[in-house]
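Written below as structure tokens is the structure these notes are about.
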Amino acid sequence: MPEDMRYDYMLTTFDNPYDYFEQFEQWFLFDIEKGYNTCSLLARIAQLSEGMSQKEVDDEIERAIDEILYFDDAAIYKKIKRTTSYN
């Protein structure tokens with residue numbers, strides 16, 4: 001992968017038919033309606049602070065996603081990614 005490219009990761013559920021990256025409003029409404037509250041779960045697990053660089057934030061979000069998946073005994077969550085540019 002070129003140096004100016006990176007992956008964005010996010011957590012979603014297997015049954016959510018909407019694309020988090022392209023259809024966030026629909027994705028979010030579906031998620032809330034089903035009672036998953038995925039964004040809130042991720043916010044509780046990710047240890048973010050104001051002094052972090054964007055790379056540190058991205059790395060911490062990915063770490064939190066991986067932790068949630070590790071403890072996801074019900075197997076409702078999955079990790080998705082897209083390739084983006086730093087610019």
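Residue names in the structure tokens use chain letters A, B, ... in the order shown, residue numbers from 1 in each chain, and ligand numbers from 1 in the order shown.
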Open item on the list: Give me, as a PyMOL selection string, all polymer residues having an atom no more than 12 Å from Thr84 (chain A), counting only C-alpha atoms and skipping those fewer than 6 positions away in the same chain.
Closed with: chain A and resi 1-9+21
TODO: Run DSSP on the backbone and give me the residues of chain A it puts in strand (DSSP E), as a PyMOL selection string.
DONE: chain A and resi 5-13+77-85
Task: Residues within 7 Å of Lys79 (chain A), only C-alpha atoms, excluding chain neighbours under 6 positions, as a PyMOL selection string - done: chain A and resi 9-12
TODO: Calculate how many Å separate CA of Asp66 (chain A) from CA of Gln54 (chain A), rounding to one decimal.
DONE: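 Separation of CA of Asp66 (chain A) and CA of Gln54 (chain A): 18.4 Å.
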- [ ] Name the closest residue to Glu60 (chain A) among the candidates A:Ala43, A:Tyr18, A:Lys34, A:Ala74; distances are taken between atoms, counting only C-alpha atoms.
- [x]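 The answer is A:Ala43, which sits nearest to Glu60 (chain A).
Each of A:Leu42, A:Leu48, A:Ser85, A:Ile80 was checked against Asp19 (chain A) using only C-alpha atoms; the smallest atom-to-atom distance is that of A:Ile80.
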If we count only C-alpha atoms, what is near region 36-38 of chain A at a cut-off of 12 Å, once residues fewer than 4 positions away on the same chain are taken out, given as a PDB file with N, CA, C and O atoms, in the first residue's frame?
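What landed in part.pdb:
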```pdb
ATOM      1  N   MET A  10     -13.998  -0.013  11.106  1.00  0.00           N
ATOM      2  CA  MET A  10     -15.174   0.274  11.916  1.00  0.00           C
ATOM      3  C   MET A  10     -15.828  -1.039  12.301  1.00  0.00           C
ATOM      4  O   MET A  10     -15.614  -2.069  11.692  1.00  0.00           O
ATOM      5  N   LEU A  11     -16.629  -0.939  13.328  1.00  0.00           N
ATOM      6  CA  LEU A  11     -17.373  -2.074  13.853  1.00  0.00           C
ATOM      7  C   LEU A  11     -18.814  -1.980  13.368  1.00  0.00           C
ATOM      8  O   LEU A  11     -19.410  -0.900  13.381  1.00  0.00           O
ATOM      9  N   THR A  12     -19.365  -3.091  12.938  1.00  0.00           N
ATOM     10  CA  THR A  12     -20.763  -3.129  12.543  1.00  0.00           C
ATOM     11  C   THR A  12     -21.323  -4.490  12.943  1.00  0.00           C
ATOM     12  O   THR A  12     -20.616  -5.322  13.488  1.00  0.00           O
ATOM     13  N   THR A  13     -22.592  -4.702  12.680  1.00  0.00           N
ATOM     14  CA  THR A  13     -23.212  -5.988  12.967  1.00  0.00           C
ATOM     15  C   THR A  13     -23.459  -6.725  11.652  1.00  0.00           C
ATOM     16  O   THR A  13     -23.591  -6.113  10.595  1.00  0.00           O
ATOM     17  N   PHE A  14     -23.519  -8.054  11.749  1.00  0.00           N
ATOM     18  CA  PHE A  14     -23.716  -8.863  10.553  1.00  0.00           C
ATOM     19  C   PHE A  14     -25.056  -8.587   9.873  1.00  0.00           C
ATOM     20  O   PHE A  14     -25.173  -8.720   8.659  1.00  0.00           O
ATOM     21  N   ASP A  15     -26.063  -8.174  10.651  1.00  0.00           N
ATOM     22  CA  ASP A  15     -27.396  -7.993  10.063  1.00  0.00           C
ATOM     23  C   ASP A  15     -27.672  -6.578   9.571  1.00  0.00           C
ATOM     24  O   ASP A  15     -28.726  -6.325   9.002  1.00  0.00           O
ATOM     25  N   ASN A  16     -26.735  -5.653   9.744  1.00  0.00           N
ATOM     26  CA  ASN A  16     -26.975  -4.276   9.299  1.00  0.00           C
ATOM     27  C   ASN A  16     -26.713  -4.199   7.793  1.00  0.00           C
ATOM     28  O   ASN A  16     -25.585  -4.400   7.344  1.00  0.00           O
ATOM     29  N   TYR A  20     -21.527   1.527   6.674  1.00  0.00           N
ATOM     30  CA  TYR A  20     -21.154   2.528   7.674  1.00  0.00           C
ATOM     31  C   TYR A  20     -20.481   3.729   7.018  1.00  0.00           C
ATOM     32  O   TYR A  20     -20.759   4.876   7.369  1.00  0.00           O
ATOM     33  N   TRP A  27     -27.305   3.513   8.464  1.00  0.00           N
ATOM     34  CA  TRP A  27     -26.603   2.525   9.283  1.00  0.00           C
ATOM     35  C   TRP A  27     -26.860   2.784  10.760  1.00  0.00           C
ATOM     36  O   TRP A  27     -27.196   1.885  11.513  1.00  0.00           O
ATOM     37  N   PHE A  28     -26.712   4.035  11.170  1.00  0.00           N
ATOM     38  CA  PHE A  28     -26.878   4.418  12.571  1.00  0.00           C
ATOM     39  C   PHE A  28     -28.308   4.184  13.048  1.00  0.00           C
ATOM     40  O   PHE A  28     -28.523   3.632  14.137  1.00  0.00           O
ATOM     41  N   LEU A  29     -29.289   4.576  12.260  1.00  0.00           N
ATOM     42  CA  LEU A  29     -30.690   4.381  12.641  1.00  0.00           C
ATOM     43  C   LEU A  29     -31.023   2.902  12.792  1.00  0.00           C
ATOM     44  O   LEU A  29     -31.708   2.505  13.740  1.00  0.00           O
ATOM     45  N   PHE A  30     -30.545   2.071  11.880  1.00  0.00           N
ATOM     46  CA  PHE A  30     -30.758   0.624  11.982  1.00  0.00           C
ATOM     47  C   PHE A  30     -30.119   0.096  13.265  1.00  0.00           C
ATOM     48  O   PHE A  30     -30.727  -0.682  14.010  1.00  0.00           O
ATOM     49  N   ASP A  31     -28.891   0.512  13.527  1.00  0.00           N
ATOM     50  CA  ASP A  31     -28.145   0.059  14.687  1.00  0.00           C
ATOM     51  C   ASP A  31     -28.851   0.423  15.992  1.00  0.00           C
ATOM     52  O   ASP A  31     -28.986  -0.409  16.886  1.00  0.00           O
ATOM     53  N   ILE A  32     -29.329   1.640  16.091  1.00  0.00           N
ATOM     54  CA  ILE A  32     -30.037   2.103  17.292  1.00  0.00           C
ATOM     55  C   ILE A  32     -31.377   1.387  17.439  1.00  0.00           C
ATOM     56  O   ILE A  32     -31.749   0.956  18.529  1.00  0.00           O
ATOM     57  N   LEU A  42     -18.289   1.252  21.211  1.00  0.00           N
ATOM     58  CA  LEU A  42     -16.930   1.541  20.778  1.00  0.00           C
ATOM     59  C   LEU A  42     -16.337   2.720  21.560  1.00  0.00           C
ATOM     60  O   LEU A  42     -15.175   2.678  21.975  1.00  0.00           O
ATOM     61  N   ALA A  43     -17.151   3.726  21.817  1.00  0.00           N
ATOM     62  CA  ALA A  43     -16.678   4.891  22.585  1.00  0.00           C
ATOM     63  C   ALA A  43     -16.314   4.510  24.019  1.00  0.00           C
ATOM     64  O   ALA A  43     -15.386   5.086  24.595  1.00  0.00           O
ATOM     65  N   ARG A  44     -17.028   3.553  24.592  1.00  0.00           N
ATOM     66  CA  ARG A  44     -16.714   3.106  25.959  1.00  0.00           C
ATOM     67  C   ARG A  44     -15.410   2.316  26.030  1.00  0.00           C
ATOM     68  O   ARG A  44     -14.678   2.397  27.010  1.00  0.00           O
ATOM     69  N   ILE A  45     -15.100   1.563  24.992  1.00  0.00           N
ATOM     70  CA  ILE A  45     -13.931   0.685  25.004  1.00  0.00           C
ATOM     71  C   ILE A  45     -12.663   1.412  24.547  1.00  0.00           C
ATOM     72  O   ILE A  45     -11.587   1.201  25.098  1.00  0.00           O
ATOM     73  N   ALA A  64      -9.686  -1.248  19.986  1.00  0.00           N
ATOM     74  CA  ALA A  64     -10.963  -1.387  20.683  1.00  0.00           C
ATOM     75  C   ALA A  64     -11.908  -2.308  19.908  1.00  0.00           C
ATOM     76  O   ALA A  64     -12.602  -3.136  20.504  1.00  0.00           O
ATOM     77  N   ILE A  65     -11.932  -2.179  18.591  1.00  0.00           N
ATOM     78  CA  ILE A  65     -12.757  -3.069  17.763  1.00  0.00           C
ATOM     79  C   ILE A  65     -12.326  -4.513  17.963  1.00  0.00           C
ATOM     80  O   ILE A  65     -13.160  -5.409  18.169  1.00  0.00           O
ATOM     81  N   ILE A  68     -13.548  -5.789  21.314  1.00  0.00           N
ATOM     82  CA  ILE A  68     -14.987  -6.079  21.293  1.00  0.00           C
ATOM     83  C   ILE A  68     -15.235  -7.411  20.584  1.00  0.00           C
ATOM     84  O   ILE A  68     -16.011  -8.247  21.060  1.00  0.00           O
ATOM     85  N   LEU A  69     -14.566  -7.624  19.464  1.00  0.00           N
ATOM     86  CA  LEU A  69     -14.748  -8.873  18.723  1.00  0.00           C
ATOM     87  C   LEU A  69     -14.270 -10.080  19.525  1.00  0.00           C
ATOM     88  O   LEU A  69     -14.881 -11.143  19.478  1.00  0.00           O
ATOM     89  N   ILE A  76     -22.248 -11.183  16.934  1.00  0.00           N
ATOM     90  CA  ILE A  76     -23.099 -10.254  16.185  1.00  0.00           C
ATOM     91  C   ILE A  76     -22.302  -9.171  15.474  1.00  0.00           C
ATOM     92  O   ILE A  76     -22.801  -8.533  14.569  1.00  0.00           O
ATOM     93  N   TYR A  77     -21.047  -8.981  15.880  1.00  0.00           N
ATOM     94  CA  TYR A  77     -20.243  -7.893  15.318  1.00  0.00           C
ATOM     95  C   TYR A  77     -19.243  -8.390  14.289  1.00  0.00           C
ATOM     96  O   TYR A  77     -18.827  -9.542  14.304  1.00  0.00           O
ATOM     97  N   LYS A  78     -18.854  -7.483  13.405  1.00  0.00           N
ATOM     98  CA  LYS A  78     -17.782  -7.755  12.459  1.00  0.00           C
ATOM     99  C   LYS A  78     -17.013  -6.458  12.217  1.00  0.00           C
ATOM    100  O   LYS A  78     -17.533  -5.353  12.402  1.00  0.00           O
ATOM    101  N   LYS A  79     -15.774  -6.615  11.804  1.00  0.00           N
ATOM    102  CA  LYS A  79     -14.879  -5.492  11.519  1.00  0.00           C
ATOM    103  C   LYS A  79     -14.893  -5.259  10.012  1.00  0.00           C
ATOM    104  O   LYS A  79     -14.727  -6.192   9.228  1.00  0.00           O
TER     105      LYS A  79
END
```
Task: Shortest interatomic distance to Leu41 (chain A) - which of A:Arg82, A:Glu67, A:Pro17, A:Lys55, counting only C-alpha atoms - done: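 The shortest atom-to-atom distance to Leu41 (chain A) comes from A:Glu67.
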Task: Sel. of helix (DSSP H, G or I) residues, chain A, as a ChimeraX atom specification - done: /A:24-33,38-45,54-70
Write the residues of the preceding selection, restricted to C-alpha atoms, as an mmCIF file, in the first residue's frame.
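Saved as result18.cif:
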```cif
data_model
loop_
_atom_site.group_PDB
_atom_site.id
_atom_site.type_symbol
_atom_site.label_atom_id
_atom_site.label_comp_id
_atom_site.auth_asym_id
_atom_site.auth_seq_id
_atom_site.Cartn_x
_atom_site.Cartn_y
_atom_site.Cartn_z
ATOM 1 C CA PHE A 24 -23.953 6.369 7.918
ATOM 2 C CA GLU A 25 -27.361 7.867 8.742
ATOM 3 C CA GLN A 26 -29.243 4.738 7.677
ATOM 4 C CA TRP A 27 -26.603 2.525 9.283
ATOM 5 C CA PHE A 28 -26.878 4.418 12.571
ATOM 6 C CA LEU A 29 -30.690 4.381 12.641
ATOM 7 C CA PHE A 30 -30.758 0.624 11.982
ATOM 8 C CA ASP A 31 -28.145 0.059 14.687
ATOM 9 C CA ILE A 32 -30.037 2.103 17.292
ATOM 10 C CA GLU A 33 -33.404 0.592 16.359
ATOM 11 C CA THR A 38 -22.415 0.147 18.433
ATOM 12 C CA CYS A 39 -20.981 3.679 18.417
ATOM 13 C CA SER A 40 -21.548 3.990 22.173
ATOM 14 C CA LEU A 41 -19.981 0.587 22.797
ATOM 15 C CA LEU A 42 -16.930 1.541 20.778
ATOM 16 C CA ALA A 43 -16.678 4.891 22.585
ATOM 17 C CA ARG A 44 -16.714 3.106 25.959
ATOM 18 C CA ILE A 45 -13.931 0.685 25.004
ATOM 19 C CA GLN A 54 -4.749 10.835 13.993
ATOM 20 C CA LYS A 55 -2.677 7.670 13.587
ATOM 21 C CA GLU A 56 -2.835 7.014 17.339
ATOM 22 C CA VAL A 57 -6.610 7.520 17.277
ATOM 23 C CA ASP A 58 -6.969 5.158 14.309
ATOM 24 C CA ASP A 59 -4.786 2.544 16.013
ATOM 25 C CA GLU A 60 -6.747 2.808 19.274
ATOM 26 C CA ILE A 61 -10.090 2.471 17.491
ATOM 27 C CA GLU A 62 -8.817 -0.640 15.742
ATOM 28 C CA ARG A 63 -7.565 -2.042 19.069
ATOM 29 C CA ALA A 64 -10.963 -1.387 20.683
ATOM 30 C CA ILE A 65 -12.757 -3.069 17.763
ATOM 31 C CA ASP A 66 -10.518 -6.106 18.115
ATOM 32 C CA GLU A 67 -11.224 -6.240 21.862
ATOM 33 C CA ILE A 68 -14.987 -6.079 21.293
ATOM 34 C CA LEU A 69 -14.748 -8.873 18.723
ATOM 35 C CA TYR A 70 -12.677 -10.999 21.083
#
```
